[in-house]
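K.L.:
The structure is given below, and queries will be raised subsequently.
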There are 2 protein chains.
Amino acid sequence: MDVYLHDIPLQDARDRFQTGLKKAGLDGVLGVEEIPLDEGALGRVLAEPIWAEISSPHYHASAMDGFAVRSQDTIGALETAPKTLAYQDQALYVDTGDPIPEWANSVIPIENVEPVDDDGEMAEVVRKPSAIRIRSAVSPWSNVRPMGEDMVATQLVIPAGQVLRPVDLGAIAGCGHHRVSVSRKPRVAILPTGTELVPVGEPVEEGEIIEYNSIVMAAQIRAWGGKADRSSIIPDRYQTIKDQVLKAARDHDLILVNAGSSAGSEDYTAQVVEDLGRLLVHGVAVRPGHPVVIGFIPAEKGEVPIIGVPGYPVSTALTGEIFVEPLLARWLGRSPRDPQEIEATLTRKMTSPAGDDDYVRVAVGKVGNRTLAAPLARGSGVITSLVRADGIVVVPSGSQGYPSGEKVNVRLYRSPDEIEKTIFAVGSHDISLDILAQFLTRYDRRLASANVGSLGGLMALKRGEAHLAGAHLLDPESGEYNLPYIREHLPDRALRVITLVGRTQGLFVRPGNPKSIQGIRDLVREDVTFINRQRGSGTRLLLEYRLKEERIDPEDVRGFNQEEFTHLTAAAAVASGRVDCALGIKAASEALDLDFIPLDHERYDLIIPLEFAESDLIKPVFRLLNDPIFRETVKARPGYDVSKMGEVVEEIS
Amino acid sequence: MDVYLHDIPLQDARDRFQTGLKKAGLDGVLGVEEIPLDEGALGRVLAEPIWAEISSPHYHASAMDGFAVRSQDTIGALETAPKTLAYQDQALYVDTGDPIPEWANSVIPIENVEPVDDDGEMAEVVRKPSAIRIRSAVSPWSNVRPMGEDMVATQLVIPAGQVLRPVDLGAIAGCGHHRVSVSRKPRVAILPTGTELVPVGEPVEEGEIIEYNSIVMAAQIRAWGGKADRSSIIPDRYQTIKDQVLKAARDHDLILVNAGSSAGSEDYTAQVVEDLGRLLVHGVAVRPGHPVVIGFIPAEKGEVPIIGVPGYPVSTALTGEIFVEPLLARWLGRSPRDPQEIEATLTRKMTSPAGDDDYVRVAVGKVGNRTLAAPLARGSGVITSLVRADGIVVVPSGSQGYPSGEKVNVRLYRSPDEIEKTIFAVGSHDISLDILAQFLTRYDRRLASANVGSLGGLMALKRGEAHLAGAHLLDPESGEYNLPYIREHLPDRALRVITLVGRTQGLFVRPGNPKSIQGIRDLVREDVTFINRQRGSGTRLLLEYRLKEERIDPEDVRGFNQEEFTHLTAAAAVASGRVDCALGIKAASEALDLDFIPLDHERYDLIIPLEFAESDLIKPVFRLLNDPIFRETVKARPGYDVSKMGEVVEEIS
């Protein structure tokens, strides 16, 4: 099935969609429903403005417990010359909220009144004395909530389009309504297609993919105020997809077909739309997500828009944000979501194809006075890049990207407040940083860690782009860890070097060690392939140190120039059979059920500039290094030694 | 029932509550439940961290539709010297997402390949040719998503405490989970008490109050992640309240008793708590809301915290924010909500009792480069002050407030983005501004209007504290509207004066005109009481003009010095019988079913500095002045004339 795929600019796609919606009469609120005014109305969108039916208060109400009086009767009362007002005719007890009598225009609080009995003595029965004695005058309308103080009948209380909040519900009830007209929830059909898909919870074989895009889309629809129906997985068959689309069109306002939106051999969405209705867009110059299909399907009730959503998970989620959220906003009559933007400095170069609007996920942190944006993984298959993203930088078509250090606008996924609570850790990765991240949430801190290797961490500290760096840099001359590198690269910096963990480094091999690898010397064998860690990583330095010790030329190691960025991905390369062997920590090896040949015990330190070490932001890190539960949790990982955790190796001030 | 009420500082109250919670073992997550991983998990709080069960992808997957090859087989292929790879052994067709064969390490996209048949001719069957011809080499792992590219088994994917978003659900599913452990929702009992309360939807008599606080509280609980049970209204009887509290304690985690938390004659909450369990706090030095009760009730399952929530609606809502939200956050294991703060300049003096933490509601707008905070109504009965509030300024105990022009921190209820879309209108009130506010929402604008009278609006423009002002200022000398005042007060300002409406002003009298009021001369009658509008209002100027015309001394008008701030509240004063007569517009009179004696036809203009008149923010205002539907809507109001709407009276540049 060959369907023409031609990327058009994002704005053109939006315009075509908008024109199509208008033609179909679908560019406004879909419908209105009246619902009871209770907590169920929370988050619904008001379809009609609320005009006050009654005033609030709807009578003159006492604002205090006390006695209602005529203010003119109190004129002349003084501390030294009290006045006495007769109960019933001149003074009447009222509780807070009670109406004041027609003849009254003020309330004297009970504590400012002396109730007296018939003899003029202090009365026992406070609320029904014979009279009251007062020692100062009150002005008219004191301690009275006049009718309409809060709302006056006929005034506008809440405009239509408001997403109802708790206090809105109170105000609506308070001005006499007991039902509200809200926009009906758009019904969205989500059709996951793909013969290779397996539902969540079922065993997954090689070549199969866990189908979770429909959950992401359904949750998006729900968060944006719609109602989602997920169908079961539809195999890649033209006729089946067509039948399901037709069925969905009957009772839905929007159809989302996930995957199959490109022009590959099993991509049927565009063809189905073309055959059933109008195909408006096939391909949008936006990354990730360009093979988007937009069209309309006829149904009995009128045309139904259909979007072919590309199948890579990041593309799926972003297509939702770009096309579906604004549509739901329009159908609900609310403002579209408009993320807060902040300016941040790029920590790395960001390249982008010039023809596309490119949505780059970034981690955002505030280090000292600088707000920094660190680009995350670009692959549209990497959903964790969205999970970890604090925001998006849109590189517009026409731009080929930005250099490192450039100021860019970030559309935030988190509040600036959360960004302020983010500890930016750049450097070598260690699983204890994951555990630290978990424990830090208890202290209302987030740990955003970028894995750039130990040396990269020192460089980030040097550039002022991290709060702390994790490093395990072995100096080949002195055999000392980290300090020689710090002296070289951060000579004038006041900082604290504190040990996080000791860990065992060694070789990962497949279970049973099929190639009988015994040590570093086996890496030169012709039948042994290796995968290295990236330049600047402590593990690579360790390898180079050991190769030098053994006088092995790195070029003799097959795979020396292949790089992985973490212990776990290196272990995964061995586990999958991609290579025979890699160097890394024992914990990663055990996590993937590999065999492990121990080589070294190394020290992993945290390096923290003093300005941050003494900040409130970082304090919880030090507290955790002495927290027995944190220590035990780390110690439980294979090859980990916490005996030196929290020891200050050196403090340079 | 006299219970001691003694305000303690807010921090002390929080500390006592916290100590009590700790003692009761209630200072952490209440419980964990496992739920299916679908869109129902949206917004739930992750109780345990998600570590990857499997890697994603869990095999080496092709990232393109194309042919899997060994990269070493492609070395040497050139445009001018193609290489041919045999199908099956050296090249195999793969769709996007398919696993690549064990022997392969790269994928060549289908568009870069020439499929050939046995004779070396271009093959018809693209996917199963005899061989493929390629014209360039590929490097290893090109167009392949290596196993673990997204997530590697055992890594931390999402820390506990995360409020689950759509993409989080995808990542959790993608790394092999089909259920998630989330914090169980705290169950909160809401007990509205008060003999004077009437449920929403039932007719309400004088002295009765519509019970809506329980709806506000239930919606708050829901928004914050809990489950609320609202009881029906409980009368003010000690024993009934006690029984209901005991009953609620059985199956709830928290009890909120609304109203009755003070020390008045019908306030039983503190006594009930004291008699049943431990009373920790009775009175907190916070405004609004000081009569707060905090204690614990014993139940079979352990102690249950109980909060006596004061009954004024603003107090109710703020007590929820101050005490309940942080408690639910703790019980759910998430971060407490922490509103974004911005700095703003006070437009008016803000006074505050020195002993209390005072939560003052403010409207926030950005006028030119200045962010302004305008204090709203202070009364704790005025729920619309919370509806209209863009944020809160907390005046801490110890401070007696701030002068006008002071920079204050505002805790925002809205995003800064919404603030940027807010048109700040200060001046005379007119119902067409309410209608304008409603229509502006379609243009994604908010109209925040402060009613300070026509002259007050000009002064606000002068101080740069408004985008526009509405005015109907009659000059007694020239009989001209607005322009003389603008020349006097804004002599050097470039601005546009544009007519909004013409309106009929006249006297409001009760239906049937029981006092036979015929015109302005009747205001001096001894049996006629009047209520005036505030100084600087156009309506007051009109009155003074007419009194002067009739040579009446204002002091002879009973009520000349009594002030109301809007037409509608002035009309309400007549409707309620508080006064016999007031001056105002016909629409307000008809809204409250009053009789109306027409006196004048006046012009109501909008005055807009040119710098704003030409801004994108204000543009929709001009568009609406020419929108037939807007014009018709305004015209439908009694006494309104739109024939001059949108006419530029003068443009001064």
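Following the order of the structure tokens, first chain is A, next is B, and so on, with residues numbered from 1 inside each chain and ligands from 1 in the order they appear.
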Give me, as a Markdown table, the closest atom pair and its distance (Å, one decimal) for every residue of chain B within a cut-off of 6 Å of chain A, counting only C-alpha atoms, rows sorted by chain and rising number.
P.N.:
| residue | atom | partner | partner_atom | distance |
| --- | --- | --- | --- | --- |
| B:Asp38 | CA | A:Ile215 | CA | 5.6 |
| B:Glu39 | CA | A:Ala219 | CA | 4.6 |
| B:Asp98 | CA | A:Gly207 | CA | 5.1 |
| B:Pro99 | CA | A:Gly207 | CA | 5.1 |
| B:Asp150 | CA | A:Val382 | CA | 4.6 |
| B:Leu156 | CA | A:Asp434 | CA | 5.8 |
| B:Pro159 | CA | A:Gln438 | CA | 5.0 |
| B:Pro166 | CA | A:Val216 | CA | 4.7 |
| B:Val167 | CA | A:Val216 | CA | 5.7 |
| B:Asp168 | CA | A:Val387 | CA | 5.9 |
| B:Gly170 | CA | A:Tyr212 | CA | 5.4 |
| B:His178 | CA | A:Gly201 | CA | 4.8 |
| B:Val200 | CA | A:His178 | CA | 5.7 |
| B:Gly201 | CA | A:His178 | CA | 4.8 |
| B:Gly207 | CA | A:Pro99 | CA | 5.1 |
| B:Tyr212 | CA | A:Gly170 | CA | 5.3 |
| B:Ile215 | CA | A:Glu39 | CA | 5.6 |
| B:Val216 | CA | A:Pro166 | CA | 4.7 |
| B:Ala218 | CA | A:Glu39 | CA | 5.9 |
| B:Ala219 | CA | A:Glu39 | CA | 4.6 |
| B:Gln220 | CA | A:Pro166 | CA | 5.7 |
| B:Val382 | CA | A:Asp150 | CA | 4.6 |
| B:Val387 | CA | A:Asp168 | CA | 5.9 |
| B:Asp434 | CA | A:Leu156 | CA | 5.7 |
| B:Gln438 | CA | A:Pro159 | CA | 5.0 |
K.L.:
Considering only C-alpha atoms, return as a list in words whatever protein or nucleic-acid residues lie within 8 Å of range 247-253 of chain B, sequence-local ones (same chain, fewer than 4 positions apart) excluded.
P.N.:
Pro186, Arg187, Val188, Ala189, Asp243, Ile297, Pro298, Ala299, Glu300, Lys301, Val304 and Pro305 of chain B
K.L.:
Restricting the calculation to only C-alpha atoms, which member of B:Gly559, B:Gly646, B:Gln88, B:Arg535 is positioned closest to Asp627 in chain B?
P.N.:
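Looking only at the distances to Asp627 in chain B, the closest residue turns out to be B:Gly646.
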K.L.:
Run DSSP on the backbone and give me the residues of range 220-309 of chain A it puts in helix (DSSP H, G or I), as a list of chain:residue names.
P.N.:
A:Gln220, A:Ile221, A:Arg222, A:Ala223, A:Tyr238, A:Gln239, A:Thr240, A:Ile241, A:Lys242, A:Asp243, A:Gln244, A:Val245, A:Leu246, A:Lys247, A:Ala248, A:Ala249, A:Arg250, A:Thr269, A:Ala270, A:Gln271, A:Val272, A:Val273, A:Glu274, A:Asp275, A:Leu276
K.L.:
Write a file of the selected residues as an mmCIF file, in the first residue's frame, keeping N, CA and C atoms.
P.N.:
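Full text of result_22.cif as output:
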data_model
loop_
_atom_site.group_PDB
_atom_site.id
_atom_site.type_symbol
_atom_site.label_atom_id
_atom_site.label_comp_id
_atom_site.auth_asym_id
_atom_site.auth_seq_id
_atom_site.Cartn_x
_atom_site.Cartn_y
_atom_site.Cartn_z
ATOM 1 N N GLN A 220 -3.954 11.237 28.442
ATOM 2 C CA GLN A 220 -3.927 12.621 27.954
ATOM 3 C C GLN A 220 -5.353 13.146 27.777
ATOM 4 N N ILE A 221 -6.169 12.363 27.086
ATOM 5 C CA ILE A 221 -7.554 12.774 26.822
ATOM 6 C C ILE A 221 -8.265 13.066 28.141
ATOM 7 N N ARG A 222 -8.083 12.190 29.114
ATOM 8 C CA ARG A 222 -8.720 12.380 30.406
ATOM 9 C C ARG A 222 -8.212 13.651 31.077
ATOM 10 N N ALA A 223 -6.882 13.839 31.049
ATOM 11 C CA ALA A 223 -6.303 15.024 31.701
ATOM 12 C C ALA A 223 -6.792 16.304 31.036
ATOM 13 N N TYR A 238 -5.744 -3.896 6.332
ATOM 14 C CA TYR A 238 -6.489 -2.758 5.794
ATOM 15 C C TYR A 238 -7.974 -2.834 6.143
ATOM 16 N N GLN A 239 -8.594 -3.979 5.846
ATOM 17 C CA GLN A 239 -10.037 -4.073 5.998
ATOM 18 C C GLN A 239 -10.460 -3.984 7.463
ATOM 19 N N THR A 240 -9.676 -4.617 8.334
ATOM 20 C CA THR A 240 -10.012 -4.599 9.761
ATOM 21 C C THR A 240 -9.932 -3.175 10.298
ATOM 22 N N ILE A 241 -8.867 -2.486 9.910
ATOM 23 C CA ILE A 241 -8.711 -1.118 10.390
ATOM 24 C C ILE A 241 -9.865 -0.256 9.879
ATOM 25 N N LYS A 242 -10.201 -0.436 8.610
ATOM 26 C CA LYS A 242 -11.291 0.332 8.017
ATOM 27 C C LYS A 242 -12.600 0.077 8.765
ATOM 28 N N ASP A 243 -12.881 -1.199 9.033
ATOM 29 C CA ASP A 243 -14.112 -1.536 9.745
ATOM 30 C C ASP A 243 -14.146 -0.887 11.128
ATOM 31 N N GLN A 244 -13.015 -0.951 11.812
ATOM 32 C CA GLN A 244 -12.961 -0.414 13.180
ATOM 33 C C GLN A 244 -13.110 1.105 13.171
ATOM 34 N N VAL A 245 -12.520 1.748 12.169
ATOM 35 C CA VAL A 245 -12.627 3.204 12.071
ATOM 36 C C VAL A 245 -14.088 3.592 11.843
ATOM 37 N N LEU A 246 -14.750 2.873 10.935
ATOM 38 C CA LEU A 246 -16.162 3.167 10.646
ATOM 39 C C LEU A 246 -17.015 2.980 11.896
ATOM 40 N N LYS A 247 -16.720 1.921 12.635
ATOM 41 C CA LYS A 247 -17.474 1.620 13.850
ATOM 42 C C LYS A 247 -17.262 2.740 14.876
ATOM 43 N N ALA A 248 -15.996 3.140 15.021
ATOM 44 C CA ALA A 248 -15.677 4.182 16.012
ATOM 45 C C ALA A 248 -16.333 5.504 15.650
ATOM 46 N N ALA A 249 -16.473 5.766 14.348
ATOM 47 C CA ALA A 249 -17.027 7.049 13.907
ATOM 48 C C ALA A 249 -18.475 7.217 14.340
ATOM 49 N N ARG A 250 -19.153 6.087 14.552
ATOM 50 C CA ARG A 250 -20.572 6.163 14.895
ATOM 51 C C ARG A 250 -20.829 6.938 16.184
ATOM 52 N N THR A 269 -3.264 3.784 7.607
ATOM 53 C CA THR A 269 -4.168 4.836 8.087
ATOM 54 C C THR A 269 -4.534 5.834 6.983
ATOM 55 N N ALA A 270 -3.504 6.330 6.282
ATOM 56 C CA ALA A 270 -3.768 7.355 5.270
ATOM 57 C C ALA A 270 -4.705 6.801 4.198
ATOM 58 N N GLN A 271 -4.470 5.551 3.785
ATOM 59 C CA GLN A 271 -5.298 4.936 2.757
ATOM 60 C C GLN A 271 -6.744 4.790 3.223
ATOM 61 N N VAL A 272 -6.889 4.361 4.477
ATOM 62 C CA VAL A 272 -8.236 4.184 5.029
ATOM 63 C C VAL A 272 -8.974 5.521 5.022
ATOM 64 N N VAL A 273 -8.261 6.580 5.448
ATOM 65 C CA VAL A 273 -8.907 7.901 5.503
ATOM 66 C C VAL A 273 -9.268 8.365 4.090
ATOM 67 N N GLU A 274 -8.325 8.148 3.170
ATOM 68 C CA GLU A 274 -8.577 8.578 1.797
ATOM 69 C C GLU A 274 -9.776 7.837 1.197
ATOM 70 N N ASP A 275 -9.843 6.531 1.480
ATOM 71 C CA ASP A 275 -10.919 5.730 0.901
ATOM 72 C C ASP A 275 -12.273 6.032 1.537
ATOM 73 N N LEU A 276 -12.252 6.344 2.835
ATOM 74 C CA LEU A 276 -13.534 6.559 3.530
ATOM 75 C C LEU A 276 -14.012 7.999 3.466
#
K.L.:
As a list of chain:residue names, list the residues of range 137-167 of chain A assigned to strand (DSSP E) by DSSP on the backbone atoms of this structure.
P.N.:
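Selecting the strand (DSSP E) positions of range 137-167 of chain A gives A:Val144, A:Arg145, A:Leu156, A:Val157, A:Ile158.
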K.L.:
Please produce an output containing N, CA, C and O atoms for each residue in the selection, written as a PDB file, in the first residue's frame.
P.N.:
ATOM      1  N   VAL A 144     -22.614  44.411  60.278  1.00  0.00           N
ATOM      2  CA  VAL A 144     -23.716  43.874  59.476  1.00  0.00           C
ATOM      3  C   VAL A 144     -23.149  43.555  58.096  1.00  0.00           C
ATOM      4  O   VAL A 144     -22.359  44.335  57.552  1.00  0.00           O
ATOM      5  N   ARG A 145     -23.510  42.389  57.585  1.00  0.00           N
ATOM      6  CA  ARG A 145     -23.187  42.085  56.192  1.00  0.00           C
ATOM      7  C   ARG A 145     -24.396  42.471  55.370  1.00  0.00           C
ATOM      8  O   ARG A 145     -25.396  41.741  55.354  1.00  0.00           O
ATOM      9  N   LEU A 156     -22.516  39.336  36.916  1.00  0.00           N
ATOM     10  CA  LEU A 156     -21.734  38.209  36.395  1.00  0.00           C
ATOM     11  C   LEU A 156     -20.879  37.652  37.532  1.00  0.00           C
ATOM     12  O   LEU A 156     -20.105  38.380  38.148  1.00  0.00           O
ATOM     13  N   VAL A 157     -21.029  36.372  37.805  1.00  0.00           N
ATOM     14  CA  VAL A 157     -20.223  35.757  38.866  1.00  0.00           C
ATOM     15  C   VAL A 157     -19.031  35.028  38.267  1.00  0.00           C
ATOM     16  O   VAL A 157     -17.897  35.211  38.697  1.00  0.00           O
ATOM     17  N   ILE A 158     -19.284  34.207  37.249  1.00  0.00           N
ATOM     18  CA  ILE A 158     -18.183  33.484  36.595  1.00  0.00           C
ATOM     19  C   ILE A 158     -18.448  33.419  35.093  1.00  0.00           C
ATOM     20  O   ILE A 158     -19.538  33.029  34.684  1.00  0.00           O
TER      21      ILE A 158
END
K.L.:
Distance CA of Arg44 in chain B-CA of Asp229 in chain B, one decimal place?
P.N.:
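Taking CA of Arg44 in chain B as the start and CA of Asp229 in chain B as the end point, the length is 18.9 Å.
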K.L.:
Need to verify the contact set: Lys586 in chain A, 8 Å, only C-alpha atoms, exclusion of same-chain residues closer than 4 positions in sequence. Can you return it as a list in words?
P.N.:
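My reading of the contact set: Arg503, Thr504, Gln505, Gly506, Glu590, Phe596, Pro598, Pro638 and Gly639 of chain A.
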K.L.:
Considering only C-alpha atoms, return as a list of chain:residue names whatever protein or nucleic-acid residues lie within 8 Å of Ala373 in chain A, sequence-local ones (same chain, fewer than 3 positions apart) excluded.
P.N.:
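What passes the distance filter is A:Ala344, A:Thr345, A:Leu346, A:Thr347, A:Val362, A:Ala363, A:Val364, A:Gly365, A:Val410.
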K.L.:
Which neighbours of Pro115 in chain B fall inside 12 Å, counting only C-alpha atoms, when residues of the same chain fewer than 2 positions from it are skipped, and could you give them as a ChimeraX atom specification?
P.N.:
/B:66-67,83-87,91-93,108-113,117-135
K.L.:
Please identify all polymer residues within 6 Å of range 460-472 of chain A, counting only C-alpha atoms, omitting same-chain residues fewer than 6 positions from it, and present them as a PyMOL selection string.
P.N.:
chain A and resi 424-428+454+538+603-608
K.L.:
Could you give me, as a list in words, the residues within 10 Å of Gly28 in chain A, counting only C-alpha atoms and dropping anything in the same chain fewer than 6 positions from it?
P.N.:
Leu21, Lys22, Leu327, Leu328, Ala329, Arg330, Trp331, Leu332 and Gly333 of chain A
K.L.:
Please determine, counting only C-alpha atoms, which residue among A:Lys407, A:Arg623, A:His429, A:Arg546 has the shortest atom-to-atom distance to Ile585 in chain A.
P.N.:
A:His429
